[in-house]
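Engineer: mmCIF, C-alpha atoms, file protein20.cif:
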data_structure
#
loop_
_atom_site.label_atom_id
_atom_site.label_comp_id
_atom_site.auth_asym_id
_atom_site.auth_seq_id
_atom_site.Cartn_x
_atom_site.Cartn_y
_atom_site.Cartn_z
CA MET A 1 67.71 193.58 71.48
CA ILE A 2 65.43 193.50 68.47
CA GLU A 3 61.93 194.80 69.12
CA LEU A 4 58.88 192.86 67.98
CA GLN A 5 57.67 194.27 64.71
CA LEU A 6 55.07 193.49 62.11
CA PHE A 7 56.52 195.78 59.49
CA PRO A 8 58.85 196.32 57.86
CA ALA A 9 59.37 192.65 57.17
CA LEU A 10 62.37 192.11 54.95
CA ALA A 11 61.52 190.18 51.81
CA GLY A 12 63.78 187.30 52.78
CA GLU A 13 61.57 186.59 55.78
CA VAL A 14 58.45 186.22 53.63
CA THR A 15 59.86 184.62 50.48
CA THR A 16 60.74 181.39 52.25
CA ILE A 17 57.16 181.05 53.49
CA VAL A 18 55.80 181.58 49.98
CA ILE A 19 58.24 179.04 48.54
CA ALA A 20 57.26 176.48 51.21
CA LEU A 21 53.57 177.02 50.40
CA VAL A 22 54.04 176.69 46.63
CA LEU A 23 56.24 173.58 46.89
CA GLY A 24 53.79 172.15 49.43
CA ILE A 25 51.00 172.53 46.89
CA LEU A 26 53.20 170.93 44.21
CA PHE A 27 53.97 167.85 46.31
CA GLY A 28 50.49 167.81 47.86
CA THR A 29 49.08 166.99 44.44
CA ARG A 30 51.07 163.75 44.55
CA PHE A 31 49.22 162.45 47.63
CA GLN A 32 46.47 159.95 46.99
CA GLY A 33 43.73 158.57 49.16
CA GLY A 34 41.29 160.32 51.44
CA MET A 35 41.80 162.06 54.74
CA SER A 36 39.10 162.73 57.28
CA LYS A 37 38.64 166.20 58.77
CA ARG A 38 39.79 164.81 62.11
CA MET A 39 43.01 163.58 60.52
CA VAL A 40 43.58 166.96 58.84
CA GLY A 41 43.05 168.68 62.20
CA MET A 42 45.47 166.33 63.91
CA VAL A 43 48.18 166.88 61.30
CA PHE A 44 47.67 170.65 61.45
CA GLY A 45 47.91 170.55 65.27
CA LEU A 46 51.08 168.48 65.10
CA SER A 47 52.53 170.89 62.55
CA ILE A 48 51.93 173.82 64.92
CA ILE A 49 53.70 171.97 67.73
CA ALA A 50 56.56 171.16 65.35
CA ALA A 51 56.68 174.79 64.19
CA ILE A 52 57.09 175.95 67.78
CA LEU A 53 59.86 173.42 68.33
CA PHE A 54 61.68 174.35 65.10
CA GLU A 55 61.35 178.09 65.80
CA ALA A 56 61.62 180.84 63.20
CA PRO A 57 64.76 180.84 61.06
CA ILE A 58 67.73 182.75 62.38
CA PHE A 59 67.96 186.41 61.30
CA THR A 60 64.21 186.87 60.99
CA TRP A 61 62.85 189.70 63.05
CA SER A 62 59.22 190.29 62.08
CA LEU A 63 55.95 188.79 63.27
CA ILE A 64 55.17 187.83 59.68
CA ALA A 65 58.14 185.46 59.76
CA GLY A 66 56.99 184.03 63.10
CA PHE A 67 59.41 185.92 65.35
CA ILE A 68 57.73 186.90 68.62
CA ASN A 69 60.70 187.32 70.91
CA GLU A 70 64.17 185.88 71.26
CA ASP A 71 62.88 183.03 73.43
CA PHE A 72 59.75 182.16 71.49
CA SER A 73 59.11 182.05 67.76
CA ILE A 74 57.21 179.93 65.26
CA SER A 75 58.42 178.40 62.03
CA LEU A 76 55.72 179.67 59.71
CA ALA A 77 57.48 178.07 56.74
CA PHE A 78 56.72 174.65 58.24
CA ILE A 79 53.05 175.50 58.74
CA ALA A 80 52.91 176.98 55.23
CA ALA A 81 54.35 173.75 53.82
CA THR A 82 51.73 171.67 55.66
CA VAL A 83 48.90 173.95 54.52
CA GLY A 84 50.31 173.80 50.99
CA ILE A 85 50.21 170.00 51.07
CA PHE A 86 46.55 170.10 52.14
CA ILE A 87 45.73 172.55 49.34
CA GLY A 88 47.54 170.32 46.87
CA MET A 89 45.55 167.33 48.14
CA LEU A 90 42.36 169.29 47.50
CA PHE A 91 43.44 169.87 43.90
CA ARG A 92 43.95 166.16 43.56
CA GLY A 93 40.68 165.38 45.31
CA GLY A 94 42.40 163.67 48.22
CA HIS A 95 39.78 164.47 50.84
CA GLU A 96 36.58 162.94 52.10
CA MET B 97 90.57 139.52 56.73
CA ASP B 98 91.82 136.26 55.30
CA SER B 99 95.58 136.57 54.68
CA LYS B 100 95.47 133.68 52.20
CA GLY B 101 93.95 136.02 49.65
CA LEU B 102 97.09 138.18 49.68
CA LYS B 103 99.45 135.42 48.68
CA GLY B 104 100.93 135.31 45.20
CA SER B 105 100.46 138.13 42.66
CA ARG B 106 97.76 139.90 44.72
CA GLY B 107 100.12 140.19 47.67
CA ILE B 108 102.91 141.59 45.51
CA ILE B 109 100.55 144.20 43.99
CA ALA B 110 99.30 145.17 47.45
CA VAL B 111 102.82 145.61 48.82
CA ILE B 112 103.89 147.71 45.81
CA ALA B 113 100.76 149.88 46.12
CA LEU B 114 101.33 150.44 49.83
CA MET B 115 104.98 151.32 49.19
CA ILE B 116 104.01 153.88 46.53
CA ILE B 117 101.45 155.47 48.89
CA PHE B 118 103.95 155.50 51.78
CA VAL B 119 106.71 157.10 49.71
CA GLY B 120 104.32 159.65 48.20
CA VAL B 121 102.77 160.71 51.49
CA SER B 122 106.06 160.82 53.42
CA THR B 123 107.88 162.89 50.73
CA SER B 124 104.91 165.28 50.57
CA LEU B 125 105.01 165.75 54.33
CA LEU B 126 108.78 166.34 54.27
CA GLN B 127 108.42 168.95 51.54
CA LEU B 128 105.83 170.91 53.51
CA ASN B 129 108.50 172.33 55.84
CA GLY B 130 105.92 174.51 57.57
CA ASN B 131 104.64 176.07 54.33
CA VAL B 132 101.01 175.08 54.56
CA ALA B 133 98.79 176.92 52.10
CA ARG B 134 95.92 178.39 54.09
CA GLY B 135 93.43 177.91 51.27
CA ILE B 136 90.50 180.12 50.47
CA SER B 137 88.49 179.54 53.65
CA PRO B 138 89.50 182.81 55.41
CA GLU B 139 88.21 184.81 52.44
CA TYR B 140 84.90 182.97 52.42
CA ASN B 141 84.53 183.30 56.17
CA GLU B 142 84.88 187.05 55.77
CA LEU B 143 82.38 187.13 52.93
CA ALA B 144 79.70 185.17 54.79
CA PRO B 145 77.95 188.18 56.38
CA TYR B 146 77.54 189.72 52.94
CA GLU B 147 76.04 186.60 51.37
CA ALA B 148 74.35 183.51 52.80
CA PRO B 149 74.64 183.54 56.62
CA ASN B 150 75.04 179.77 56.41
CA ASN B 151 78.66 179.70 55.32
CA LEU B 152 78.33 176.15 54.06
CA ALA B 153 75.67 177.23 51.54
CA SER B 154 78.11 179.80 50.16
CA TRP B 155 80.76 177.13 49.85
CA VAL B 156 78.67 174.41 48.30
CA TYR B 157 76.52 176.44 45.92
CA ASP B 158 78.55 179.59 45.27
CA TYR B 159 82.20 178.56 45.43
CA ARG B 160 81.82 174.97 44.25
CA GLY B 161 78.95 175.71 41.91
CA PHE B 162 78.70 173.09 39.20
CA ASP B 163 80.84 170.64 41.15
CA THR B 164 77.83 170.15 43.38
CA LEU B 165 75.55 169.71 40.39
CA ILE B 166 77.74 167.04 38.84
CA GLU B 167 77.98 165.37 42.23
CA THR B 168 74.23 164.88 42.03
CA GLY B 169 74.86 163.15 38.73
CA VAL B 170 76.52 160.35 40.66
CA ILE B 171 73.15 159.52 42.17
CA TYR B 172 71.61 159.49 38.72
CA VAL B 173 74.23 156.95 37.64
CA GLY B 174 73.03 154.85 40.58
CA ALA B 175 69.43 155.30 39.40
CA LEU B 176 70.39 154.31 35.85
CA VAL B 177 72.25 151.23 37.06
CA SER B 178 69.22 150.31 39.18
CA VAL B 179 66.97 150.55 36.13
CA LEU B 180 69.43 148.50 34.07
CA ALA B 181 69.80 145.82 36.72
CA ILE B 182 66.25 145.54 37.96
CA GLY B 183 64.04 147.17 35.36
CA ARG B 184 65.22 145.21 32.36
CA GLY B 185 61.70 145.37 31.03
CA ILE B 186 62.40 148.75 29.45
CA VAL B 187 66.16 148.88 29.03
CA ARG B 188 66.92 145.96 26.76
CA VAL B 189 70.51 144.84 26.82
CA LYS B 190 71.89 143.24 23.68
CA GLY B 191 72.37 139.55 24.16
CA VAL B 192 69.52 139.06 26.59
CA GLU B 193 66.72 140.16 24.29
CA GLY B 194 65.40 136.64 24.22
CA ASP B 195 65.03 136.54 28.00
CA ALA B 196 61.83 137.60 29.61
CA PRO B 197 62.01 140.80 31.63
CA VAL B 198 62.47 140.36 35.32
CA ALA B 199 59.02 140.22 36.86
CA PRO B 200 58.85 142.13 40.14
CA SER B 201 57.35 140.13 42.92
CA SER B 202 54.01 141.24 44.25
CA MET B 203 54.12 143.82 46.99
CA GLU B 204 50.59 144.17 48.22
CA PHE B 205 50.75 145.01 51.87
CA ASN B 206 47.75 144.31 54.00
CA VAL B 207 47.24 147.42 56.08
CA SER B 208 45.08 145.50 58.53
CA THR B 209 48.17 143.63 59.69
CA LEU B 210 49.82 146.89 60.76
CA ASN B 211 49.41 147.79 64.37
CA VAL B 212 47.14 150.70 65.24
CA ILE B 213 49.92 153.26 65.65
CA LEU B 214 51.47 152.53 62.26
CA LYS B 215 48.09 152.31 60.55
CA TYR B 216 46.80 155.68 61.69
CA PHE B 217 50.02 157.62 62.09
CA GLY B 218 51.68 156.57 58.84
CA VAL B 219 50.00 159.19 56.65
CA PRO B 220 50.43 162.09 59.13
CA VAL B 221 54.09 161.22 59.58
CA ILE B 222 54.62 161.17 55.81
CA ILE B 223 52.91 164.57 55.44
CA LEU B 224 54.96 166.06 58.28
CA LEU B 225 58.17 164.60 56.84
CA VAL B 226 57.46 166.24 53.48
CA ALA B 227 56.75 169.54 55.27
CA TYR B 228 59.99 169.15 57.21
CA ALA B 229 61.88 168.55 53.98
CA LEU B 230 60.49 171.82 52.63
CA LEU B 231 61.43 173.62 55.85
CA VAL B 232 65.00 172.38 55.54
CA LEU B 233 65.01 173.53 51.92
CA THR B 234 63.77 177.04 52.66
CA GLY B 235 66.22 177.48 55.52
CA ALA B 236 69.21 176.47 53.43
CA ALA B 237 70.80 179.92 53.25
CA THR B 238 70.46 180.72 56.94
CA SER B 239 70.84 177.47 58.83
CA GLY B 240 72.01 173.92 58.43
CA GLY B 241 70.31 172.12 55.58
CA GLY B 242 69.81 172.60 51.89
CA GLY B 243 68.62 171.01 48.72
CA PHE B 244 70.44 167.71 49.22
CA GLN B 245 69.11 167.24 52.74
CA CYS B 246 65.61 168.15 51.58
CA GLY B 247 65.79 165.48 48.89
CA VAL B 248 66.97 162.85 51.33
CA ILE B 249 64.26 163.65 53.90
CA PHE B 250 61.60 163.67 51.17
CA SER B 251 62.87 160.33 49.89
CA SER B 252 62.67 158.88 53.39
CA ALA B 253 58.98 159.90 53.49
CA TYR B 254 58.48 158.09 50.18
CA LEU B 255 60.29 155.00 51.47
CA LEU B 256 58.22 155.06 54.66
CA GLY B 257 55.03 155.03 52.58
CA MET B 258 56.38 152.08 50.59
CA ILE B 259 57.19 150.10 53.72
CA PHE B 260 53.86 150.81 55.40
CA TYR B 261 51.43 150.64 52.52
CA GLY B 262 53.18 148.83 49.66
CA ARG B 263 51.70 149.78 46.32
CA LYS B 264 49.02 151.85 48.04
CA ASN B 265 51.66 154.41 49.00
CA PRO B 266 49.86 157.67 49.89
CA LEU B 267 52.77 159.58 48.36
CA ASN B 268 52.20 158.45 44.80
CA LEU B 269 55.22 159.41 42.72
CA SER B 270 55.12 158.05 39.20
CA LYS B 271 58.20 157.45 37.07
CA LYS B 272 57.20 160.31 34.77
CA PHE B 273 56.90 162.71 37.70
CA LEU B 274 60.26 161.70 39.15
CA ILE B 275 62.07 161.97 35.82
CA ALA B 276 60.37 165.30 35.13
CA ILE B 277 61.21 166.77 38.53
CA GLY B 278 64.81 165.61 38.18
CA GLY B 279 65.05 167.20 34.74
CA VAL B 280 63.52 170.45 35.99
CA GLY B 281 65.99 170.45 38.90
CA TRP B 282 68.99 170.09 36.60
CA SER B 283 67.61 172.81 34.34
CA ILE B 284 67.05 175.24 37.23
CA TYR B 285 70.55 174.62 38.54
CA ALA B 286 72.27 174.93 35.18
CA LEU B 287 70.27 177.89 33.84
CA LEU B 288 70.81 179.95 36.98
CA GLY B 289 74.34 180.34 35.69
CA LEU B 290 73.09 182.23 32.66
CA PRO B 291 72.38 185.70 34.19
CA GLY B 292 75.87 185.84 35.64
CA TYR B 293 77.46 184.70 32.40
CA LEU B 294 75.60 187.21 30.25
CA THR B 295 76.46 190.15 32.48
CA THR B 296 79.92 189.37 33.85
CA GLY B 297 81.25 186.59 31.66
CA TYR B 298 81.46 184.26 34.68
CA TRP B 299 79.04 181.36 34.64
CA GLN B 300 76.89 181.16 37.77
CA TYR B 301 78.18 184.48 39.11
CA ASN B 302 75.81 185.34 41.96
CA VAL B 303 74.08 188.35 40.42
CA GLY B 304 71.77 188.70 43.42
CA ALA B 305 74.51 189.06 46.05
CA ASP B 306 76.91 190.67 43.53
CA LEU B 307 79.74 190.80 46.05
CA TRP B 308 82.46 192.04 43.71
CA THR B 309 80.81 195.00 42.03
CA SER B 310 78.21 196.33 44.44
CA GLY B 311 80.77 197.79 46.83
CA VAL B 312 79.16 196.18 49.88
CA ILE B 313 82.49 194.80 51.09
CA PRO B 314 84.69 197.49 52.62
CA GLY B 315 88.09 197.62 50.96
CA VAL B 316 87.10 195.45 48.01
CA ASP B 317 86.90 197.40 44.79
CA GLY B 318 86.46 194.34 42.66
CA MET B 319 85.30 194.58 39.08
CA ALA B 320 83.62 197.54 37.51
CA ALA B 321 79.86 197.41 38.15
CA VAL B 322 78.49 195.33 35.31
CA VAL B 323 75.42 193.67 36.82
CA PRO B 324 72.34 195.72 35.96
CA ASP B 325 70.31 196.92 38.95
CA ILE B 326 67.23 195.10 37.68
CA LEU B 327 69.03 191.73 37.87
CA ARG B 328 70.49 192.56 41.28
CA GLN B 329 67.04 193.40 42.59
CA LEU B 330 65.30 190.48 40.87
CA PHE B 331 67.60 187.82 42.33
CA GLY B 332 68.79 189.61 45.46
CA ASP B 333 65.91 191.47 47.06
CA PRO B 334 63.54 188.50 47.58
CA PHE B 335 66.10 186.90 49.90
CA ARG B 336 67.35 189.97 51.75
CA LEU B 337 67.77 189.51 55.51
CA LEU B 338 69.03 191.69 58.32
CA LEU B 339 72.06 190.05 59.88
CA VAL B 340 72.61 191.30 63.43
CA MET B 341 76.10 190.20 64.38
CA SER B 342 78.60 191.09 67.08
CA ASP B 343 80.63 193.30 64.77
CA GLY B 344 77.71 195.09 63.15
CA THR B 345 74.43 194.80 61.28
CA TYR B 346 74.39 193.82 57.62
CA ALA B 347 71.59 193.78 55.04
CA SER B 348 72.59 190.52 53.42
CA THR B 349 71.14 188.52 50.55
CA ALA B 350 72.00 185.01 49.46
CA GLY B 351 71.08 185.87 45.88
CA ILE B 352 70.72 182.82 43.67
CA VAL B 353 71.83 180.35 46.36
CA PRO B 354 68.29 179.56 47.66
CA LEU B 355 67.08 179.09 44.08
CA ILE B 356 69.95 176.74 43.32
CA ASN B 357 68.96 174.82 46.43
CA ILE B 358 65.48 174.29 45.00
CA GLY B 359 67.02 172.88 41.83
CA GLU B 360 69.30 170.65 43.88
CA ALA B 361 66.36 169.41 45.96
CA PHE B 362 64.43 168.47 42.82
CA ASN B 363 67.52 166.66 41.53
CA VAL B 364 67.93 164.58 44.64
CA ILE B 365 64.21 163.85 45.02
CA GLY B 366 64.10 162.64 41.42
CA ALA B 367 67.21 160.48 41.70
CA ILE B 368 66.77 158.83 45.11
CA CYS B 369 63.02 158.26 44.80
CA LEU B 370 63.63 156.71 41.37
CA ILE B 371 66.11 154.28 42.91
CA PHE B 372 63.60 153.39 45.63
CA LEU B 373 60.85 152.99 43.06
CA VAL B 374 62.88 150.67 40.86
CA PHE B 375 64.19 148.60 43.76
CA VAL B 376 60.84 148.17 45.50
CA TYR B 377 58.20 148.35 42.76
CA GLY B 378 60.28 147.48 39.71
CA TRP B 379 59.98 149.20 36.35
CA ASN B 380 56.83 148.10 34.60
CA ASP B 381 55.26 150.37 32.00
CA GLU B 382 52.07 148.37 31.57
CA GLU B 383 51.23 148.57 35.25
CA GLU B 384 51.65 152.33 35.38
CA LYS B 385 49.44 152.83 32.34
CA SER B 386 46.70 150.80 33.98
CA ARG B 387 46.74 152.94 37.14
#
Would you give me this structure, written as structure tokens?

Structural biologist:
Amino acid sequence: MIELQLFPALAGEVTTIVIALVLGILFGTRFQGGMSKRMVGMVFGLSIIAAILFEAPIFTWSLIAGFINEDFSISLAFIAATVGIFIGMLFRGGHE
Amino acid sequence: MDSKGLKGSRGIIAVIALMIIFVGVSTSLLQLNGNVARGISPEYNELAPYEAPNNLASWVYDYRGFDTLIETGVIYVGALVSVLAIGRGIVRVKGVEGDAPVAPSSMEFNVSTLNVILKYFGVPVIILLVAYALLVLTGAATSGGGGFQCGVIFSSAYLLGMIFYGRKNPLNLSKKFLIAIGGVGWSIYALLGLPGYLTTGYWQYNVGADLWTSGVIPGVDGMAAVVPDILRQLFGDPFRLLLVMSDGTYASTAGIVPLINIGEAFNVIGAICLIFLVFVYGWNDEEEKSR
């Protein structure tokens, strides 16, 4: 049984989240049109639900990677990708 | 099937072809005599804990290597044919220069005709699909998925935007962007072979995992250690994971496999979205300039 831990987080658990964020920003700049704050909130809420359903990737054991216990974990890479898209949209000016 | 089509010379050719296939297959089976080559899969199954936990990623991007890259080229051939067939405005074929380019029909969708669910949930679904594509990409080395799947999911988000919003697609991918991202993808994939080639002489040797010289595999002496530590750390450490398995715990790294997956994803996004763009919007330089 792996105990819940914040550190040490192996690099492989964090790198994927960083990659998802960076690529999210890249593709977020390609979105056009405005989005209301309510819409952003709804998408973020849906992404959290999806992240819980997808769970953290296998062989990740730290809280930073979204692992809480063997029955419950969060896919932080998915949330990072969504946040990255929003940041990319801000670069493009795609907000109201 | 209409049997009339097989009469005459076509029927004779079909019968001869079937006979050749039958003779070839049956003689091959007779020659087997129980000596079936087991292939390389047992070796790769044993190596999996020391490299990408997703065995398929090791196969597709480590063992097959450039075969996978060239396979992506098949999609680009499809994209090129699409441009030739539908976007004749830019690719002039000799003999039809006098003809006017094919004018794409107007595709202005009226969003007000969409029902409420499609109208308000279209954009969120597209955003979540793109995020899902990136999730599949980042999980390539550990779970099912990879660059190809990422590209296909991303392309489906693009297609969804086209169907819902026509030219007002919220995911606005221009031809330049798609060609650029495809080119960058090919470059990433191809150039990731360079570190391995310069250090070991084998193109696309996985310098991050470095299975054959690092001594991580018990009983495998392999080559003399030729990969510098700096390269091993640079490509290996960022993707190091702790594999807890029934027969032990391994500190494994997929090395360059996740990076190759990013290149592959860019390839597929560029190729498939370009096909969608040409088929749905057409290829019209003037229109893009005016945007």

Engineer: For the provided coordinates, the residues matched by the PyMOL selection byres ((chain A and resi 79) around 10) should be stated as a list of chain:residue names.

Structural biologist: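 Output of the PyMOL selection byres ((chain A and resi 79) around 10): A:Ile17, A:Ala20, A:Leu21, A:Gly24, A:Phe44, A:Gly45, A:Leu46, A:Ser47, A:Ile48, A:Ile49, A:Ala50, A:Ala51, A:Ile52, A:Ile74, A:Ser75, A:Leu76, A:Ala77, A:Phe78, A:Ala80, A:Ala81, A:Thr82, A:Val83, A:Gly84, A:Ile85, B:Leu224, B:Ala227, B:Tyr228, B:Leu231.
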
Engineer: Using only C-alpha atoms, determine which residues of chain A fall within 7 Å of chain B; present them as an NGL selection string.

Structural biologist: :A and (10-13 or 15-16 or 20 or 30-33 or 43 or 47 or 57-59 or 77-78 or 81-82)

Engineer: Could you jot down the CA of Phe372 in chain B to CA of Phe27 in chain A separation for me, Å, one decimal place?

Structural biologist: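 Computed distance, CA of Phe372 in chain B to CA of Phe27 in chain A, equals 17.4 Å.
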
Engineer: For the atom pair CA of Leu26 in chain A and CA of Gly359 in chain B, what is the interatomic distance in Å to one decimal place?

Structural biologist: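 Between CA of Leu26 in chain A and CA of Gly359 in chain B the gap is 14.2 Å.
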
Engineer: For the structure shown, which residues end up in the PyMOL selection byres ((chain A and resi 72) around 10)? Put them as a VMD selection string, please?

Structural biologist: chain A and resid 52 to 53 55 to 56 66 to 71 73 to 74

Engineer: One number please: CA of Val374 in chain B to CA of Phe260 in chain B, in Å, one decimal.

Structural biologist: 17.1 Å

Engineer: Excluding Leu290 in chain B and any residue of its chain fewer than 3 positions from it, enumerate the residues within 12 Å of it, using all atoms listed in the file, and give them as a list in words.

Structural biologist: Ser283, Ile284, Tyr285, Ala286, Leu287, Tyr293, Leu294, Thr295, Thr296, Gly297, Tyr298, Trp299, Gln300, Tyr301, Asn302, Val303, Leu327 and Ile352 of chain B

Engineer: Enclose the full set of atoms of range 352-363 of chain B listed in the file within a box whose edges lie along x, y and z, apply 8 Å of padding to each of the six sides, and report centre and edge lengths in Å to one decimal as JSON.

Structural biologist:
{"center_x": 68.1, "center_y": 174.7, "center_z": 44.6, "size_x": 23.4, "size_y": 32.2, "size_z": 22.1}

Engineer: Could you list as number ranges by chain every residue that has an atom within 9 Å of (76.2, 194.5, 43.5), using the file's coordinates and counting only C-alpha atoms?

Structural biologist: B: 303-312, 321-325, 328
